[in-house]
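Participant: This one is data-v7.cif, mmCIF, C-alpha atoms.
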```cif
data_model
#
loop_
_atom_site.label_atom_id
_atom_site.label_comp_id
_atom_site.auth_asym_id
_atom_site.auth_seq_id
_atom_site.Cartn_x
_atom_site.Cartn_y
_atom_site.Cartn_z
CA MET A 1 0.00 0.00 0.00
CA ASP A 2 2.88 2.35 0.77
CA LYS A 3 4.31 1.81 -2.71
CA ALA A 4 0.95 2.74 -4.20
CA GLY A 5 0.88 5.91 -2.09
CA ILE A 6 -2.04 4.72 0.00
CA ASN A 7 -1.63 5.58 3.66
CA ARG A 8 -3.95 5.59 6.66
CA HIS A 9 -5.10 9.11 5.82
CA SER A 10 -6.27 7.94 2.37
CA GLN A 11 -8.03 4.94 3.89
CA ILE A 12 -9.80 7.01 6.54
CA VAL A 13 -10.90 9.64 4.01
CA TYR A 14 -12.16 6.90 1.68
CA HIS A 15 -14.25 5.25 4.40
CA VAL A 16 -15.60 8.49 5.88
CA GLU A 17 -16.63 9.73 2.44
CA ASN A 18 -18.15 6.36 1.59
CA TYR A 19 -20.20 6.46 4.79
CA LEU A 20 -21.43 9.98 4.06
CA LEU A 21 -22.40 9.10 0.49
CA ARG A 22 -24.26 6.00 1.60
CA THR A 23 -26.23 7.86 4.25
CA GLN A 24 -27.71 9.98 1.48
CA SER A 25 -28.60 6.97 -0.67
CA LEU A 26 -30.76 5.73 2.19
CA LEU A 27 -33.51 8.21 1.30
CA ASP A 28 -33.40 7.03 -2.32
CA ARG A 29 -33.91 3.44 -1.20
CA VAL A 30 -36.79 4.39 1.08
CA LEU A 31 -38.42 6.27 -1.80
CA LYS A 32 -38.08 3.19 -4.01
CA LEU A 33 -39.67 1.15 -1.25
CA LEU A 34 -42.58 3.63 -1.09
CA ASP A 35 -42.91 3.45 -4.85
CA ALA A 36 -43.11 -0.34 -4.68
CA VAL A 37 -45.44 -0.58 -1.66
CA PHE A 38 -47.91 1.96 -3.03
CA HIS A 39 -47.49 0.54 -6.54
CA LEU A 40 -46.77 4.01 -7.96
CA LEU A 41 -44.90 2.66 -11.01
CA ASN A 42 -42.50 5.60 -11.27
CA ALA A 43 -39.56 5.19 -13.60
CA PRO A 44 -36.34 4.86 -11.54
CA ARG A 45 -35.18 8.35 -12.55
CA ASN A 46 -38.53 9.78 -11.39
CA CYS A 47 -38.42 8.09 -8.01
CA ARG A 48 -37.43 11.36 -6.37
CA TYR A 49 -38.55 12.87 -3.08
CA ASP A 50 -40.83 15.54 -4.55
CA VAL A 51 -42.45 13.14 -7.05
CA VAL A 52 -43.13 10.35 -4.56
CA MET A 53 -44.26 12.62 -1.73
CA ARG A 54 -46.72 14.48 -3.99
CA ASN A 55 -48.42 11.28 -5.08
CA VAL A 56 -52.01 11.09 -3.81
CA LYS A 57 -51.63 7.52 -2.51
CA VAL A 58 -48.70 8.63 -0.36
CA GLN A 59 -50.27 11.92 0.71
CA VAL A 60 -53.45 10.31 2.07
CA SER A 61 -51.44 7.77 4.06
CA ASP A 62 -49.85 8.24 7.46
CA VAL A 63 -46.35 7.78 6.01
CA PRO A 64 -45.27 11.30 4.85
CA GLU A 65 -44.42 12.64 8.30
CA SER A 66 -42.04 9.75 8.98
CA ILE A 67 -40.39 10.21 5.59
CA LYS A 68 -39.98 13.93 6.25
CA ASN A 69 -38.37 13.15 9.60
CA LEU A 70 -35.91 10.80 7.90
CA LYS A 71 -35.13 13.37 5.21
CA ASN A 72 -34.52 16.07 7.84
CA LEU A 73 -32.16 13.75 9.69
CA LEU A 74 -30.26 12.82 6.52
CA ASP A 75 -29.99 16.49 5.55
CA ARG A 76 -27.36 16.76 8.30
CA TYR A 77 -24.83 15.30 5.87
CA SER A 78 -26.33 16.35 2.52
CA ARG A 79 -24.17 19.47 2.14
CA VAL A 80 -20.98 17.52 2.82
CA ARG A 81 -22.12 14.80 0.43
CA ASN A 82 -22.72 17.37 -2.32
CA GLU A 83 -19.29 18.91 -1.76
CA ILE A 84 -17.65 15.48 -2.00
CA ILE A 85 -19.55 14.53 -5.15
CA HIS A 86 -19.39 17.82 -7.01
CA HIS A 87 -16.33 19.69 -5.78
CA HIS A 88 -13.64 18.15 -3.60
CA SER A 89 -12.74 15.59 -1.00
CA ILE A 90 -13.93 15.99 2.57
CA LYS A 91 -12.45 18.98 4.34
CA GLU A 92 -12.05 18.57 8.08
CA ASP A 93 -9.28 20.04 10.16
CA ALA A 94 -8.22 16.77 11.77
CA LEU A 95 -8.02 15.03 8.39
CA ARG A 96 -6.04 17.92 6.92
CA ARG A 97 -3.64 17.78 9.86
CA LEU A 98 -3.16 14.02 9.37
CA ASP A 99 -2.54 14.54 5.67
CA MET A 100 0.10 17.15 6.51
CA PHE A 101 1.83 14.75 8.92
CA PHE A 102 1.97 12.06 6.24
CA LEU A 103 3.39 14.58 3.76
CA ILE A 104 6.11 15.48 6.27
CA GLU A 105 6.86 11.82 6.88
CA ARG A 106 7.05 11.12 3.15
CA TRP A 107 9.25 14.18 2.54
CA GLU A 108 11.63 13.07 5.26
CA GLY A 109 11.83 9.66 3.61
CA ILE A 110 12.75 10.97 0.16
CA SER A 111 14.85 14.02 1.05
CA PRO A 112 18.51 13.20 1.72
CA ASN A 113 19.06 16.45 3.64
CA GLU A 114 16.19 16.11 6.07
CA THR A 115 16.81 15.08 9.63
CA PRO A 116 14.07 12.63 10.51
CA SER A 117 11.61 13.95 13.04
CA ASP A 118 9.72 11.81 15.48
CA ILE A 119 6.38 12.38 13.79
CA GLY A 120 5.25 8.75 14.03
CA PRO A 121 3.65 9.04 17.48
CA LEU A 122 1.88 12.23 16.42
CA ILE A 123 0.46 10.42 13.37
CA LYS A 124 -0.67 7.54 15.56
CA ASP A 125 -2.35 9.87 18.08
CA THR A 126 -4.09 11.83 15.32
CA ILE A 127 -5.39 8.65 13.71
CA PHE A 128 -6.68 7.47 17.08
CA GLU A 129 -8.38 10.83 17.69
CA ILE A 130 -10.05 10.90 14.27
CA LEU A 131 -11.26 7.31 14.52
CA TRP A 132 -12.51 7.76 18.08
CA PHE A 133 -14.56 10.85 17.23
CA LYS A 134 -15.85 9.55 13.90
CA LYS A 135 -16.88 6.23 15.42
CA ARG A 136 -18.87 8.00 18.14
CA GLU A 137 -20.41 10.41 15.64
CA PHE A 138 -21.42 7.70 13.17
CA LEU A 139 -22.71 5.28 15.82
CA ALA A 140 -24.93 8.02 17.26
CA PHE A 141 -26.15 8.92 13.78
CA ASN A 142 -26.84 5.25 12.97
CA LYS A 143 -28.99 5.00 16.09
CA GLU A 144 -30.93 8.10 15.05
CA VAL A 145 -31.43 6.66 11.57
CA ALA A 146 -32.67 3.36 12.99
CA ARG A 147 -35.13 5.22 15.23
CA SER A 148 -36.27 7.19 12.20
CA ILE A 149 -36.67 4.21 9.86
CA ALA A 150 -38.54 1.90 12.24
CA PRO A 151 -41.77 3.95 12.13
CA ILE A 152 -41.62 3.98 8.33
CA PHE A 153 -41.61 0.18 8.22
CA ASP A 154 -44.35 0.03 10.84
CA LYS A 155 -46.54 2.41 8.85
CA LEU A 156 -45.86 0.72 5.51
CA THR A 157 -46.82 -2.76 6.73
CA PRO A 158 -50.60 -2.40 6.36
CA TYR A 159 -50.26 -0.80 2.92
CA TYR A 160 -47.98 -3.61 1.80
CA ALA A 161 -50.44 -6.21 3.12
CA ARG A 162 -53.31 -4.48 1.29
CA GLU A 163 -51.41 -4.41 -2.01
CA GLU A 164 -50.39 -8.04 -1.56
CA ARG A 165 -54.02 -9.11 -0.96
CA ALA A 166 -55.17 -7.17 -4.02
CA LEU A 167 -52.49 -8.79 -6.17
CA ARG A 168 -53.33 -12.28 -4.90
CA LEU A 169 -57.00 -11.64 -5.65
CA ARG A 170 -56.22 -10.49 -9.19
CA LEU A 171 -53.96 -13.48 -9.78
CA SER A 172 -56.53 -15.96 -8.45
CA LYS A 173 -59.25 -14.85 -10.91
CA PRO A 174 -59.47 -17.00 -14.02
CA ALA A 175 -58.52 -15.33 -17.29
CA ASP A 176 -61.43 -14.57 -19.63
#
```
Since I need it in another form, could you write the structure as C-alpha cells?
Facilitator:
Amino acid sequence: MDKAGINRHSQIVYHVENYLLRTQSLLDRVLKLLDAVFHLLNAPRNCRYDVVMRNVKVQVSDVPESIKNLKNLLDRYSRVRNEIIHHHSIKEDALRRLDMFFLIERWEGISPNETPSDIGPLIKDTIFEILWFKKREFLAFNKEVARSIAPIFDKLTPYYAREERALRLRLSKPAD
C-alpha cells in the first residue's frame, strides 16, 4: 500500500466519504420502497422525493411525516455529500492535519538532507483521535437513523399487506 501511495489518511478519508455518500442513498432506497409498496410505477429516474411525496396515494397515508423526519435527519450530511460529489474531497481540520503529517513523513523519507523527526507518534495519536470521534459520531447517527426508519416500516406494513391481498385476488381470478 505504501508503494501505491495509499496511507492511513487515504483509507480514513475513503471510508468516511463512503459512509457519508451511503447515508444519502438511504432516502433514495426508502423512496423506491414507497414506490413499490404503493405501486406508484415511477420510472427509476422519477423516483425522487418531490415526485413520490406528492403522489395522492402517499399523501393520504400516514407515512409522509415519517419520511420527512428521515429526510430532515439525513440532511445533516447532505451538504458535505454534495461537496464530495461535485467539488472536492472531505475537508475537516483533523483530516487535513493528518494529511500534513503524512506529507512530512514522506518528505523526510525521500529528502537526503532532512533530519528525521519523530512524527510517528503524532500520526498515531491523530489517527486514534479521528477514529474515536468519527466512530462515536457515526454510531450516534446510525442510532438516530434506525429510530427514524422503524416507524416507516411500521406504517408501511398495512399498505404492503393491502397491495399483496389485491395482487393475490387479481392473480386468483381466471382469465377470460
Participant: Do you know which residues are at most 12 Å from A:Arg97 counting all atoms listed in the file, after dropping those on the same chain fewer than 4 positions away, and could you put them as an MDAnalysis selection string?
Facilitator: chainID A and resid 9 91:93 101:104 122:123 125:127 129:130
Participant: Run the PyMOL selection byres ((chain A and resi 19-34) around 9) against the file shown and list the residues it catches, as an mmCIF file with C-alpha atoms, in the coordinates of the input.
Facilitator:
```cif
data_model
loop_
_atom_site.group_PDB
_atom_site.id
_atom_site.type_symbol
_atom_site.label_atom_id
_atom_site.label_comp_id
_atom_site.auth_asym_id
_atom_site.auth_seq_id
_atom_site.Cartn_x
_atom_site.Cartn_y
_atom_site.Cartn_z
ATOM 1 C CA TYR A 14 -12.160 6.900 1.680
ATOM 2 C CA HIS A 15 -14.250 5.250 4.400
ATOM 3 C CA VAL A 16 -15.600 8.490 5.880
ATOM 4 C CA GLU A 17 -16.630 9.730 2.440
ATOM 5 C CA ASN A 18 -18.150 6.360 1.590
ATOM 6 C CA ASP A 35 -42.910 3.450 -4.850
ATOM 7 C CA ALA A 36 -43.110 -0.340 -4.680
ATOM 8 C CA VAL A 37 -45.440 -0.580 -1.660
ATOM 9 C CA PHE A 38 -47.910 1.960 -3.030
ATOM 10 C CA HIS A 39 -47.490 0.540 -6.540
ATOM 11 C CA LEU A 40 -46.770 4.010 -7.960
ATOM 12 C CA ASN A 42 -42.500 5.600 -11.270
ATOM 13 C CA PRO A 44 -36.340 4.860 -11.540
ATOM 14 C CA CYS A 47 -38.420 8.090 -8.010
ATOM 15 C CA ARG A 48 -37.430 11.360 -6.370
ATOM 16 C CA TYR A 49 -38.550 12.870 -3.080
ATOM 17 C CA VAL A 52 -43.130 10.350 -4.560
ATOM 18 C CA MET A 53 -44.260 12.620 -1.730
ATOM 19 C CA VAL A 58 -48.700 8.630 -0.360
ATOM 20 C CA ILE A 67 -40.390 10.210 5.590
ATOM 21 C CA LEU A 70 -35.910 10.800 7.900
ATOM 22 C CA LYS A 71 -35.130 13.370 5.210
ATOM 23 C CA LEU A 74 -30.260 12.820 6.520
ATOM 24 C CA ASP A 75 -29.990 16.490 5.550
ATOM 25 C CA TYR A 77 -24.830 15.300 5.870
ATOM 26 C CA SER A 78 -26.330 16.350 2.520
ATOM 27 C CA VAL A 80 -20.980 17.520 2.820
ATOM 28 C CA ARG A 81 -22.120 14.800 0.430
ATOM 29 C CA ASN A 82 -22.720 17.370 -2.320
ATOM 30 C CA ILE A 84 -17.650 15.480 -2.000
ATOM 31 C CA ILE A 85 -19.550 14.530 -5.150
ATOM 32 C CA PHE A 138 -21.420 7.700 13.170
ATOM 33 C CA ILE A 149 -36.670 4.210 9.860
ATOM 34 C CA ILE A 152 -41.620 3.980 8.330
ATOM 35 C CA LEU A 156 -45.860 0.720 5.510
#
```
Participant: Between A:Met1, A:Val56, A:Ala43, A:Leu73, single out the one closest to A:Glu144, counting all atoms listed in the file.
Facilitator: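 Counting all atoms listed in the file, the residue closest to A:Glu144 is A:Leu73.
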Participant: Compile the contact shell of A:Phe128 as a PyMOL selection string: residues with an atom at most 12 Å away, counting all atoms listed in the file, same-chain residues fewer than 5 positions apart removed.
Facilitator: chain A and resi 8-9+12+94-95+98+121-123+133-135
Participant: For the PyMOL selection byres ((chain A and resi 66) around 10), applied here, can you spell out every residue it catches as a CSV table (one decimal) with C-alpha atoms, in the frame of the given file?
Facilitator:
```
chain,number,residue,atom,x,y,z
A,62,ASP,CA,-49.8,8.2,7.5
A,63,VAL,CA,-46.4,7.8,6.0
A,64,PRO,CA,-45.3,11.3,4.8
A,65,GLU,CA,-44.4,12.6,8.3
A,67,ILE,CA,-40.4,10.2,5.6
A,68,LYS,CA,-40.0,13.9,6.2
A,69,ASN,CA,-38.4,13.2,9.6
A,70,LEU,CA,-35.9,10.8,7.9
A,71,LYS,CA,-35.1,13.4,5.2
A,72,ASN,CA,-34.5,16.1,7.8
A,148,SER,CA,-36.3,7.2,12.2
A,149,ILE,CA,-36.7,4.2,9.9
A,150,ALA,CA,-38.5,1.9,12.2
A,151,PRO,CA,-41.8,4.0,12.1
A,152,ILE,CA,-41.6,4.0,8.3
A,153,PHE,CA,-41.6,0.2,8.2
A,155,LYS,CA,-46.5,2.4,8.8
```
Participant: With distances taken over all atoms listed in the file, which residue among A:Arg136, A:Arg170, A:Arg54, A:Arg96 lies nearest A:Ser10?
Facilitator: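 Closest candidate: A:Arg96.
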Participant: Enclose stretch 63-75 of chain A, meaning all of its atoms listed in the file, in a box aligned along x, y and z, pad it by 4 Å on each side, and list the centre and edge lengths in Å to one decimal, as JSON.
Facilitator:
```
{"center_x": -38.2, "center_y": 12.1, "center_z": 7.3, "size_x": 24.4, "size_y": 16.7, "size_z": 12.8}
```
Participant: Can you list, as number ranges by chain, every protein, DNA or RNA residue that comes within 12 Å of A:Thr115 when you count all atoms listed in the file, leaving out same-chain residues fewer than 6 positions away?
Facilitator: A: 104-105, 107-109
Participant: Any idea what the distance is between atom CA of A:Arg165 and atom CA of A:Asn55?
Facilitator: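 Interatomic distance here is 21.5 Å.
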Participant: Rounded to one decimal, what separation in Å do you get between atom CA of A:Ala166 and atom CA of A:Ser61?
Facilitator: 17.4 Å
Participant: Could you work out how far atom CA of A:Arg76 lies from atom CA of A:Met100, giving the answer in Å with one decimal?
Facilitator: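 Between atom CA of A:Met100 and atom CA of A:Arg76 the gap is 27.5 Å.
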